[in-house]
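J.: File name start.csv; file contents CSV, N, CA and C atoms; full text below.
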```
chain,number,residue,atom,x,y,z
A,263,MET,N,-4.7,-20.3,-3.0
A,263,MET,CA,-4.8,-19.1,-2.2
A,263,MET,C,-3.4,-18.6,-1.8
A,264,ARG,N,-2.6,-19.6,-1.5
A,264,ARG,CA,-1.2,-19.2,-1.1
A,264,ARG,C,-0.5,-18.4,-2.1
A,265,LEU,N,-0.7,-18.8,-3.4
A,265,LEU,CA,-0.1,-18.0,-4.5
A,265,LEU,C,-0.7,-16.6,-4.5
A,266,LEU,N,-2.0,-16.4,-4.3
A,266,LEU,CA,-2.6,-15.1,-4.2
A,266,LEU,C,-1.9,-14.3,-3.1
A,267,PHE,N,-1.8,-14.8,-1.9
A,267,PHE,CA,-1.2,-14.1,-0.8
A,267,PHE,C,0.2,-13.8,-1.0
A,268,ARG,N,1.0,-14.7,-1.6
A,268,ARG,CA,2.4,-14.4,-1.9
A,268,ARG,C,2.5,-13.3,-3.0
A,269,SER,N,1.6,-13.3,-4.0
A,269,SER,CA,1.6,-12.3,-5.0
A,269,SER,C,1.3,-10.9,-4.4
A,270,LEU,N,0.3,-10.9,-3.5
A,270,LEU,CA,0.0,-9.6,-2.8
A,270,LEU,C,1.2,-9.1,-1.9
A,271,ALA,N,1.9,-10.1,-1.3
A,271,ALA,CA,3.0,-9.7,-0.5
A,271,ALA,C,4.1,-9.1,-1.4
A,272,PHE,N,4.3,-9.7,-2.6
A,272,PHE,CA,5.3,-9.3,-3.5
A,272,PHE,C,4.9,-7.8,-4.0
A,273,LEU,N,3.7,-7.6,-4.3
A,273,LEU,CA,3.2,-6.3,-4.7
A,273,LEU,C,3.5,-5.2,-3.6
A,274,ASP,N,3.3,-5.7,-2.3
A,274,ASP,CA,3.5,-4.8,-1.2
A,274,ASP,C,5.0,-4.5,-1.1
A,275,LEU,N,5.9,-5.4,-1.4
A,275,LEU,CA,7.3,-5.2,-1.4
A,275,LEU,C,7.7,-4.2,-2.5
A,276,ILE,N,7.1,-4.3,-3.7
A,276,ILE,CA,7.3,-3.3,-4.7
A,276,ILE,C,6.9,-1.9,-4.2
A,277,SER,N,5.7,-1.8,-3.6
A,277,SER,CA,5.2,-0.6,-3.0
A,277,SER,C,6.2,0.0,-1.9
A,278,LEU,N,6.8,-0.9,-1.2
A,278,LEU,CA,7.7,-0.5,-0.1
A,278,LEU,C,9.0,0.2,-0.7
A,279,VAL,N,9.4,-0.2,-1.9
A,279,VAL,CA,10.5,0.4,-2.5
A,279,VAL,C,10.2,1.9,-2.8
A,280,PHE,N,9.0,2.1,-3.4
A,280,PHE,CA,8.6,3.5,-3.7
A,280,PHE,C,8.3,4.3,-2.4
A,281,MET,N,7.7,3.6,-1.4
A,281,MET,CA,7.4,4.2,-0.2
A,281,MET,C,8.7,4.6,0.6
A,282,GLY,N,9.8,3.8,0.4
A,282,GLY,CA,11.1,4.1,1.0
A,282,GLY,C,11.6,5.4,0.4
A,283,MET,N,11.4,5.6,-0.9
A,283,MET,CA,11.8,6.9,-1.6
A,283,MET,C,11.1,8.1,-1.0
A,284,GLN,N,9.8,7.9,-0.8
A,284,GLN,CA,9.0,8.9,-0.2
A,284,GLN,C,9.5,9.3,1.3
A,285,LEU,N,9.8,8.2,2.0
A,285,LEU,CA,10.2,8.4,3.4
A,285,LEU,C,11.6,9.2,3.4
A,286,TRP,N,12.4,8.8,2.5
A,286,TRP,CA,13.7,9.5,2.4
A,286,TRP,C,13.5,11.0,2.1
A,287,ASN,N,12.6,11.3,1.2
A,287,ASN,CA,12.2,12.7,0.9
A,287,ASN,C,11.6,13.4,2.1
A,288,ILE,N,10.7,12.7,2.8
A,288,ILE,CA,10.1,13.3,4.0
A,288,ILE,C,11.2,13.6,5.1
A,289,ALA,N,12.0,12.6,5.3
A,289,ALA,CA,13.1,12.8,6.3
A,289,ALA,C,14.0,14.0,6.0
A,290,ASN,N,14.3,14.1,4.7
A,290,ASN,CA,15.3,15.2,4.4
A,290,ASN,C,14.6,16.6,4.3
A,291,HIS,N,13.3,16.6,4.0
A,291,HIS,CA,12.7,17.9,3.8
A,291,HIS,C,11.5,18.2,4.7
A,292,TYR,N,11.5,17.6,5.9
A,292,TYR,CA,10.4,17.7,6.9
A,292,TYR,C,10.2,19.2,7.3
A,293,ASN,N,11.3,19.9,7.5
A,293,ASN,CA,11.2,21.3,8.0
A,293,ASN,C,10.7,22.2,6.9
A,294,GLU,N,10.8,21.8,5.6
A,294,GLU,CA,10.4,22.6,4.5
A,294,GLU,C,8.9,22.4,4.1
A,295,MET,N,8.3,21.5,4.8
A,295,MET,CA,6.9,21.2,4.5
A,295,MET,C,6.0,22.3,5.0
A,296,PRO,N,4.8,22.4,4.4
A,296,PRO,CA,3.9,23.4,4.9
A,296,PRO,C,3.5,23.1,6.4
A,297,ASN,N,3.2,24.1,7.1
A,297,ASN,CA,2.9,24.0,8.6
A,297,ASN,C,1.5,23.6,8.8
A,298,GLN,N,0.8,22.9,7.9
A,298,GLN,CA,-0.5,22.4,8.1
A,298,GLN,C,-0.4,21.2,9.0
A,299,LEU,N,-1.3,21.1,9.9
A,299,LEU,CA,-1.3,19.9,10.8
A,299,LEU,C,-1.5,18.6,10.1
A,300,SER,N,-2.4,18.6,9.1
A,300,SER,CA,-2.7,17.4,8.3
A,300,SER,C,-1.5,16.9,7.5
A,301,VAL,N,-0.7,17.8,7.0
A,301,VAL,CA,0.5,17.4,6.2
A,301,VAL,C,1.5,16.8,7.2
A,302,LYS,N,1.7,17.4,8.3
A,302,LYS,CA,2.6,16.9,9.3
A,302,LYS,C,2.2,15.5,9.8
A,303,ILE,N,0.9,15.3,10.1
A,303,ILE,CA,0.4,14.0,10.5
A,303,ILE,C,0.6,13.0,9.5
A,304,GLU,N,0.3,13.3,8.2
A,304,GLU,CA,0.5,12.3,7.1
A,304,GLU,C,1.9,12.0,7.0
A,305,SER,N,2.8,12.9,7.1
A,305,SER,CA,4.2,12.6,7.0
A,305,SER,C,4.7,11.7,8.1
A,306,LEU,N,4.3,12.0,9.3
A,306,LEU,CA,4.7,11.2,10.5
A,306,LEU,C,4.1,9.8,10.4
A,307,LEU,N,2.9,9.7,9.9
A,307,LEU,CA,2.3,8.3,9.9
A,307,LEU,C,2.9,7.4,8.8
A,308,MET,N,3.6,8.0,7.9
A,308,MET,CA,4.2,7.2,6.8
A,308,MET,C,5.3,6.2,7.4
A,309,PHE,N,6.0,6.7,8.5
A,309,PHE,CA,7.0,5.8,9.0
A,309,PHE,C,6.5,4.5,9.7
A,310,PRO,N,5.5,4.6,10.6
A,310,PRO,CA,5.0,3.4,11.1
A,310,PRO,C,4.2,2.6,10.0
A,311,MET,N,3.6,3.3,9.1
A,311,MET,CA,3.0,2.6,8.0
A,311,MET,C,3.9,1.7,7.2
A,312,PHE,N,5.1,2.2,7.0
A,312,PHE,CA,6.2,1.4,6.3
A,312,PHE,C,6.4,0.1,7.1
A,313,LEU,N,6.6,0.2,8.4
A,313,LEU,CA,6.8,-1.0,9.2
A,313,LEU,C,5.6,-1.9,9.1
A,314,LEU,N,4.4,-1.4,9.2
A,314,LEU,CA,3.2,-2.2,9.2
A,314,LEU,C,3.1,-3.0,7.8
A,315,VAL,N,3.4,-2.3,6.7
A,315,VAL,CA,3.3,-2.9,5.4
A,315,VAL,C,4.4,-4.0,5.3
A,316,LEU,N,5.6,-3.7,5.8
A,316,LEU,CA,6.7,-4.7,5.8
A,316,LEU,C,6.4,-5.9,6.5
A,317,VAL,N,6.0,-5.8,7.8
A,317,VAL,CA,5.6,-6.9,8.6
A,317,VAL,C,4.4,-7.6,8.1
A,318,GLY,N,3.4,-6.9,7.6
A,318,GLY,CA,2.2,-7.5,7.0
A,318,GLY,C,2.5,-8.3,5.7
A,319,ALA,N,3.5,-7.8,4.9
A,319,ALA,CA,3.9,-8.5,3.7
A,319,ALA,C,4.5,-9.9,4.1
A,320,TYR,N,5.4,-9.8,5.1
A,320,TYR,CA,6.0,-11.0,5.6
A,320,TYR,C,5.0,-12.0,6.1
A,321,GLY,N,4.0,-11.5,6.9
A,321,GLY,CA,2.9,-12.4,7.4
A,321,GLY,C,2.1,-13.0,6.3
A,322,LEU,N,1.8,-12.2,5.2
A,322,LEU,CA,1.0,-12.7,4.1
A,322,LEU,C,1.8,-13.7,3.3
A,323,PHE,N,3.1,-13.5,3.1
A,323,PHE,CA,3.9,-14.4,2.4
A,323,PHE,C,3.9,-15.8,3.0
A,324,PHE,N,4.0,-15.8,4.3
A,324,PHE,CA,4.0,-17.1,5.0
A,324,PHE,C,2.6,-17.5,5.5
A,325,THR,N,1.6,-16.8,5.1
A,325,THR,CA,0.2,-17.1,5.4
A,325,THR,C,0.0,-17.2,6.9
A,326,LYS,N,0.5,-16.2,7.6
A,326,LYS,CA,0.3,-16.2,9.1
A,326,LYS,C,-0.9,-15.3,9.4
A,327,LYS,N,-1.5,-15.6,10.6
A,327,LYS,CA,-2.7,-14.9,11.0
A,327,LYS,C,-2.4,-13.4,11.2
A,328,PHE,N,-1.2,-13.1,11.7
A,328,PHE,CA,-0.9,-11.7,12.0
A,328,PHE,C,-0.8,-10.9,10.6
A,329,GLY,N,-0.5,-11.5,9.5
A,329,GLY,CA,-0.5,-10.9,8.2
A,329,GLY,C,-1.8,-10.3,7.8
A,330,PHE,N,-2.8,-11.2,8.1
A,330,PHE,CA,-4.2,-10.7,7.8
A,330,PHE,C,-4.7,-9.6,8.7
A,331,ILE,N,-4.4,-9.8,10.0
A,331,ILE,CA,-4.8,-8.8,11.0
A,331,ILE,C,-4.1,-7.4,10.7
A,332,LEU,N,-2.8,-7.5,10.3
A,332,LEU,CA,-2.1,-6.2,10.0
A,332,LEU,C,-2.7,-5.6,8.8
A,333,TYR,N,-3.1,-6.4,7.8
A,333,TYR,CA,-3.7,-5.8,6.6
A,333,TYR,C,-5.0,-5.1,6.9
A,334,TYR,N,-5.8,-5.7,7.8
A,334,TYR,CA,-7.1,-5.1,8.2
A,334,TYR,C,-6.8,-3.8,8.9
A,335,ILE,N,-5.8,-3.8,9.7
A,335,ILE,CA,-5.4,-2.5,10.5
A,335,ILE,C,-4.9,-1.5,9.5
A,336,GLN,N,-4.2,-1.9,8.5
A,336,GLN,CA,-3.6,-1.0,7.5
A,336,GLN,C,-4.6,-0.4,6.6
A,337,PHE,N,-5.7,-1.1,6.3
A,337,PHE,CA,-6.6,-0.7,5.2
A,337,PHE,C,-7.0,0.8,5.3
A,338,PRO,N,-7.6,1.2,6.4
A,338,PRO,CA,-8.0,2.6,6.5
A,338,PRO,C,-6.8,3.6,6.3
A,339,PHE,N,-5.7,3.2,6.9
A,339,PHE,CA,-4.5,4.1,6.7
A,339,PHE,C,-4.0,4.1,5.3
A,340,ARG,N,-4.1,3.0,4.6
A,340,ARG,CA,-3.7,2.9,3.2
A,340,ARG,C,-4.5,3.9,2.4
A,341,LEU,N,-5.8,4.0,2.7
A,341,LEU,CA,-6.7,4.9,1.9
A,341,LEU,C,-6.3,6.4,2.3
A,342,TYR,N,-6.1,6.6,3.6
A,342,TYR,CA,-5.8,8.0,4.0
A,342,TYR,C,-4.4,8.5,3.5
A,343,LEU,N,-3.4,7.6,3.5
A,343,LEU,CA,-2.1,7.9,3.1
A,343,LEU,C,-1.8,7.7,1.7
A,344,TRP,N,-2.7,7.1,1.0
A,344,TRP,CA,-2.5,6.7,-0.4
A,344,TRP,C,-1.4,5.8,-0.6
A,345,VAL,N,-1.3,4.7,0.2
A,345,VAL,CA,-0.3,3.7,0.1
A,345,VAL,C,-1.1,2.5,-0.5
A,346,PHE,N,-1.1,2.4,-1.8
A,346,PHE,CA,-1.9,1.3,-2.4
A,346,PHE,C,-1.0,0.1,-2.9
A,347,THR,N,-1.6,-1.0,-2.9
A,347,THR,CA,-0.9,-2.2,-3.3
A,347,THR,C,-0.3,-2.1,-4.7
A,348,VAL,N,-1.0,-1.5,-5.6
A,348,VAL,CA,-0.5,-1.3,-7.0
A,348,VAL,C,-0.3,0.2,-7.3
A,349,GLY,N,0.0,0.9,-6.2
A,349,GLY,CA,0.2,2.3,-6.4
A,349,GLY,C,1.3,2.7,-7.3
A,350,PHE,N,2.2,1.8,-7.5
A,350,PHE,CA,3.4,2.1,-8.4
A,350,PHE,C,2.9,2.3,-9.9
A,351,ILE,N,1.7,1.9,-10.2
A,351,ILE,CA,1.3,2.1,-11.6
A,351,ILE,C,1.0,3.5,-11.9
A,352,THR,N,0.9,4.4,-10.9
A,352,THR,CA,0.7,5.8,-11.1
A,352,THR,C,2.0,6.4,-11.7
A,353,LEU,N,3.1,5.7,-11.5
A,353,LEU,CA,4.3,6.3,-12.1
A,353,LEU,C,4.6,5.9,-13.5
A,354,LEU,N,3.8,5.0,-14.1
A,354,LEU,CA,4.0,4.5,-15.4
A,354,LEU,C,4.0,5.6,-16.5
A,355,PRO,N,3.0,6.6,-16.4
A,355,PRO,CA,3.1,7.7,-17.4
A,355,PRO,C,4.4,8.4,-17.4
A,356,GLU,N,4.9,8.7,-16.2
A,356,GLU,CA,6.2,9.4,-16.1
A,356,GLU,C,7.3,8.6,-16.7
A,357,ALA,N,7.3,7.3,-16.5
A,357,ALA,CA,8.3,6.4,-17.0
A,357,ALA,C,8.3,6.3,-18.5
A,358,LEU,N,7.1,6.5,-19.1
A,358,LEU,CA,6.9,6.4,-20.5
A,358,LEU,C,6.9,7.8,-21.2
A,359,ASP,N,7.3,8.8,-20.4
A,359,ASP,CA,7.3,10.2,-20.9
A,359,ASP,C,5.9,10.7,-21.5
A,360,ASN,N,4.9,10.2,-20.8
A,360,ASN,CA,3.5,10.6,-21.2
A,360,ASN,C,3.0,11.5,-20.1
A,361,PHE,N,3.0,12.8,-20.3
A,361,PHE,CA,2.6,13.7,-19.2
A,361,PHE,C,1.2,14.3,-19.4
A,362,GLU,N,0.3,13.6,-20.0
A,362,GLU,CA,-1.1,14.0,-20.2
A,362,GLU,C,-1.8,14.1,-18.9
A,363,ASP,N,-2.7,15.0,-18.7
A,363,ASP,CA,-3.4,15.2,-17.4
A,363,ASP,C,-4.4,14.1,-17.1
A,364,LYS,N,-4.8,13.4,-18.1
A,364,LYS,CA,-5.9,12.4,-17.9
A,364,LYS,C,-5.4,11.2,-17.1
A,365,TRP,N,-4.2,10.8,-17.2
A,365,TRP,CA,-3.7,9.5,-16.7
A,365,TRP,C,-3.6,9.5,-15.2
A,366,PRO,N,-3.2,10.5,-14.5
A,366,PRO,CA,-3.1,10.4,-13.0
A,366,PRO,C,-4.5,10.1,-12.4
A,367,ASN,N,-5.6,10.7,-12.8
A,367,ASN,CA,-6.9,10.5,-12.3
A,367,ASN,C,-7.4,9.1,-12.6
A,368,ILE,N,-7.1,8.6,-13.8
A,368,ILE,CA,-7.6,7.3,-14.1
A,368,ILE,C,-6.8,6.2,-13.3
A,369,LEU,N,-5.5,6.4,-13.2
A,369,LEU,CA,-4.7,5.4,-12.5
A,369,LEU,C,-4.9,5.4,-11.0
A,370,LEU,N,-5.2,6.6,-10.5
A,370,LEU,CA,-5.6,6.7,-9.0
A,370,LEU,C,-6.9,5.9,-8.8
A,371,LYS,N,-7.8,6.1,-9.6
A,371,LYS,CA,-9.1,5.3,-9.5
A,371,LYS,C,-8.9,3.8,-9.6
A,372,VAL,N,-8.0,3.4,-10.5
A,372,VAL,CA,-7.7,2.0,-10.6
A,372,VAL,C,-7.0,1.5,-9.3
A,373,CYS,N,-6.1,2.3,-8.7
A,373,CYS,CA,-5.5,1.9,-7.5
A,373,CYS,C,-6.5,1.7,-6.3
A,374,ILE,N,-7.4,2.7,-6.2
A,374,ILE,CA,-8.4,2.6,-5.1
A,374,ILE,C,-9.3,1.4,-5.4
A,375,MET,N,-9.7,1.1,-6.6
A,375,MET,CA,-10.5,0.0,-6.9
A,375,MET,C,-9.8,-1.3,-6.6
A,376,THR,N,-8.5,-1.4,-7.0
A,376,THR,CA,-7.8,-2.7,-6.7
A,376,THR,C,-7.6,-2.9,-5.2
A,377,GLU,N,-7.5,-1.8,-4.5
A,377,GLU,CA,-7.3,-1.9,-3.0
A,377,GLU,C,-8.6,-2.6,-2.4
A,378,PHE,N,-9.7,-2.2,-2.9
A,378,PHE,CA,-11.0,-2.7,-2.4
A,378,PHE,C,-11.1,-4.2,-2.8
A,379,ILE,N,-10.7,-4.5,-4.1
A,379,ILE,CA,-10.7,-5.9,-4.5
A,379,ILE,C,-9.8,-6.7,-3.7
A,380,ARG,N,-8.6,-6.1,-3.4
A,380,ARG,CA,-7.7,-6.9,-2.5
A,380,ARG,C,-8.3,-7.2,-1.1
A,381,LEU,N,-9.0,-6.2,-0.6
A,381,LEU,CA,-9.6,-6.4,0.7
A,381,LEU,C,-10.6,-7.6,0.6
A,382,TYR,N,-11.4,-7.6,-0.4
A,382,TYR,CA,-12.4,-8.6,-0.7
A,382,TYR,C,-11.7,-10.0,-0.8
A,383,LEU,N,-10.6,-10.0,-1.6
A,383,LEU,CA,-9.9,-11.3,-1.8
A,383,LEU,C,-9.2,-11.8,-0.6
A,384,THR,N,-8.7,-10.9,0.2
A,384,THR,CA,-8.1,-11.2,1.5
A,384,THR,C,-9.1,-11.8,2.5
A,385,ILE,N,-10.3,-11.2,2.6
A,385,ILE,CA,-11.3,-11.8,3.4
A,385,ILE,C,-11.8,-13.1,3.0
A,386,LYS,N,-12.0,-13.3,1.7
A,386,LYS,CA,-12.4,-14.6,1.1
A,386,LYS,C,-11.4,-15.6,1.3
A,387,GLY,N,-10.1,-15.2,1.1
A,387,GLY,CA,-9.0,-16.2,1.2
A,387,GLY,C,-8.8,-16.6,2.7
A,388,GLN,N,-8.9,-15.7,3.6
A,388,GLN,CA,-8.8,-16.0,5.0
A,388,GLN,C,-9.9,-16.9,5.4
A,389,LEU,N,-11.1,-16.7,5.0
A,389,LEU,CA,-12.2,-17.6,5.3
A,389,LEU,C,-12.0,-19.0,4.7
A,390,LYS,N,-11.5,-19.0,3.5
A,390,LYS,CA,-11.3,-20.3,2.9
A,390,LYS,C,-10.2,-21.1,3.7
A,391,LEU,N,-9.1,-20.4,4.1
A,391,LEU,CA,-8.1,-21.0,4.8
A,391,LEU,C,-8.6,-21.5,6.2
A,392,LYS,N,-9.4,-20.7,6.8
A,392,LYS,CA,-10.0,-21.0,8.1
A,392,LYS,C,-10.9,-22.2,8.0
A,393,GLY,N,-11.6,-22.4,6.9
A,393,GLY,CA,-12.4,-23.5,6.7
A,393,GLY,C,-11.7,-24.8,6.4
A,394,GLN,N,-10.4,-24.7,6.0
A,394,GLN,CA,-9.6,-25.9,5.7
A,394,GLN,C,-9.0,-26.4,7.0
A,395,GLN,N,-8.9,-25.6,8.0
A,395,GLN,CA,-8.3,-26.0,9.3
A,395,GLN,C,-9.2,-26.9,10.1
```
Produce structure tokens that represent the structure in this file.

T.:
Amino acid sequence: MRLLFRSLAFLDLISLVFMGMQLWNIANHYNEMPNQLSVKIESLLMFPMFLLVLVGAYGLFFTKKFGFILYYIQFPFRLYLWVFTVGFITLLPEALDNFEDKWPNILLKVCIMTEFIRLYLTIKGQLKLKGQQ
């Protein structure tokens, strides 16, 4: 189980790299964004989400209770903000110079599915760790 949690923490760190690029873009172009309230809220929520993911990854890596709690808090925000554990796979077609329209939809569905699988594995792993104590 510890290997699973450390792997998930590592995937979160990879996501943080790409999320950091998004945050840089948001910070530099915030005034140029559309004046829709939902867009502004999403942009502002990305900053605390970055911190939550960072601290949560630390907690999961060392299998601390707050790592699990932070992930459960993050989960609905991850779906709303599209901050997925394996979200970086959506950039693979661009990296391979494959700009077909079918790939973004497929990869986004894979990301959402893996986030629910991660939630299931986190719950099962936490229960297993709790049973060992």

J.: For atom N of Gln388 of chain A and atom CA of Lys327 of chain A, quote the distance in Å rounded to one decimal.

T.: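 Interatomic distance, atom N of Gln388 of chain A to atom CA of Lys327 of chain A: 9.7 Å.
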
J.: Write out as an mmCIF file with N, CA and C atoms, in the coordinates of the input the residues lying within 7 Å of segment 371-374 of chain A, counting all atoms listed in the file and excluding same-chain residues fewer than 3 positions away.

T.:
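Once everything was written out, this is selection.cif:
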```
data_model
loop_
_atom_site.group_PDB
_atom_site.id
_atom_site.type_symbol
_atom_site.label_atom_id
_atom_site.label_comp_id
_atom_site.auth_asym_id
_atom_site.auth_seq_id
_atom_site.Cartn_x
_atom_site.Cartn_y
_atom_site.Cartn_z
ATOM 1 N N PHE A 346 -1.100 2.400 -1.800
ATOM 2 C CA PHE A 346 -1.900 1.300 -2.400
ATOM 3 C C PHE A 346 -1.000 0.100 -2.900
ATOM 4 N N THR A 347 -1.600 -1.000 -2.900
ATOM 5 C CA THR A 347 -0.900 -2.200 -3.300
ATOM 6 C C THR A 347 -0.300 -2.100 -4.700
ATOM 7 N N VAL A 348 -1.000 -1.500 -5.600
ATOM 8 C CA VAL A 348 -0.500 -1.300 -7.000
ATOM 9 C C VAL A 348 -0.300 0.200 -7.300
ATOM 10 N N GLY A 349 0.000 0.900 -6.200
ATOM 11 C CA GLY A 349 0.200 2.300 -6.400
ATOM 12 C C GLY A 349 1.300 2.700 -7.300
ATOM 13 N N PRO A 366 -3.200 10.500 -14.500
ATOM 14 C CA PRO A 366 -3.100 10.400 -13.000
ATOM 15 C C PRO A 366 -4.500 10.100 -12.400
ATOM 16 N N ASN A 367 -5.600 10.700 -12.800
ATOM 17 C CA ASN A 367 -6.900 10.500 -12.300
ATOM 18 C C ASN A 367 -7.400 9.100 -12.600
ATOM 19 N N ILE A 368 -7.100 8.600 -13.800
ATOM 20 C CA ILE A 368 -7.600 7.300 -14.100
ATOM 21 C C ILE A 368 -6.800 6.200 -13.300
ATOM 22 N N GLU A 377 -7.500 -1.800 -4.500
ATOM 23 C CA GLU A 377 -7.300 -1.900 -3.000
ATOM 24 C C GLU A 377 -8.600 -2.600 -2.400
ATOM 25 N N PHE A 378 -9.700 -2.200 -2.900
ATOM 26 C CA PHE A 378 -11.000 -2.700 -2.400
ATOM 27 C C PHE A 378 -11.100 -4.200 -2.800
ATOM 28 N N ILE A 379 -10.700 -4.500 -4.100
ATOM 29 C CA ILE A 379 -10.700 -5.900 -4.500
ATOM 30 C C ILE A 379 -9.800 -6.700 -3.700
#
```

J.: Just to confirm, what's the straight-line distance from atom C of Pro355 of chain A to atom CA of Phe280 of chain A in Å (one decimal)?

T.: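 Value for the atom C of Pro355 of chain A-atom CA of Phe280 of chain A distance: 15.1 Å.
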
J.: With distances taken over only N, CA and C atoms, which residue among A:Leu265, A:Phe272, A:Tyr320, A:Leu353 lies nearest Leu369 of chain A?

T.: A:Leu353

J.: Give me, please, the distance in Å between atom C of Tyr342 of chain A and atom N of Leu389 of chain A, quoted to one decimal.

T.: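 Computing it gives 26.1 Å between the two atoms.
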
J.: What's the 12 Å shell around Lys326 of chain A, counting only C-alpha atoms, without same-chain residues fewer than 6 positions away, as a PyMOL selection string?

T.: chain A and resi 264+267-268+271+317-320+332-333+388+391-392

J.: Any chance you could tabulate, as JSON lines, the residues of segment 313-381 of chain A at most 10 Å from segment 292-304 of chain A with each one's nearest atom pair and distance in Å to one decimal, using only C-alpha atoms, in chain and rising number order?

T.:
```
{"residue": "A:Phe339", "atom": "CA", "partner": "A:Glu304", "partner_atom": "CA", "distance": 9.6}
{"residue": "A:Tyr342", "atom": "CA", "partner": "A:Glu304", "partner_atom": "CA", "distance": 8.2}
{"residue": "A:Leu343", "atom": "CA", "partner": "A:Glu304", "partner_atom": "CA", "distance": 6.5}
{"residue": "A:Trp344", "atom": "CA", "partner": "A:Glu304", "partner_atom": "CA", "distance": 9.8}
```

J.: Pull N, CA and C atoms from the residues just selected and write them as a JSON list (two decimals), keeping the file's coordinate frame.

T.:
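Output (out19.json):
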```
[["chain", "number", "residue", "atom", "x", "y", "z"],
["A", 339, "PHE", "N", -5.70, 3.20, 6.90],
["A", 339, "PHE", "CA", -4.50, 4.10, 6.70],
["A", 339, "PHE", "C", -4.00, 4.10, 5.30],
["A", 342, "TYR", "N", -6.10, 6.60, 3.60],
["A", 342, "TYR", "CA", -5.80, 8.00, 4.00],
["A", 342, "TYR", "C", -4.40, 8.50, 3.50],
["A", 343, "LEU", "N", -3.40, 7.60, 3.50],
["A", 343, "LEU", "CA", -2.10, 7.90, 3.10],
["A", 343, "LEU", "C", -1.80, 7.70, 1.70],
["A", 344, "TRP", "N", -2.70, 7.10, 1.00],
["A", 344, "TRP", "CA", -2.50, 6.70, -0.40],
["A", 344, "TRP", "C", -1.40, 5.80, -0.60]]
```

J.: Let's see if you can do this: from backbone DSSP, list all alpha helix (DSSP H) residues in segment 279-327 of chain A, as a PyMOL selection string.

T.: chain A and resi 279-291+299-323+327

J.: For Phe324 of chain A, which residue among A:Ile288, A:Leu341, A:Met375, A:Leu270 is the nearest when counting only C-alpha atoms?

T.: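 When distances to Phe324 of chain A are compared using only C-alpha atoms, the smallest one comes from A:Leu270.
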
J.: Quick one: everything within 8 Å of Met281 of chain A, counting all atoms listed in the file, minus sequence neighbours fewer than 5 positions away in the same chain. Send it as a count of residues only.

T.: 7

J.: When distances are computed from all atoms listed in the file, which of A:Gln394, A:Asn290, A:Ser269, A:Gln284 shows the smallest separation from Leu322 of chain A?

T.: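 Residue with the minimum atom-to-atom distance to Leu322 of chain A: A:Ser269.
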
J.: Smallest atom-to-atom distance to Phe337 of chain A: which of A:Leu316, A:Leu306, A:Leu354, A:Leu381, using only C-alpha atoms?

T.: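 That would be A:Leu381, the residue with the smallest distance to Phe337 of chain A.
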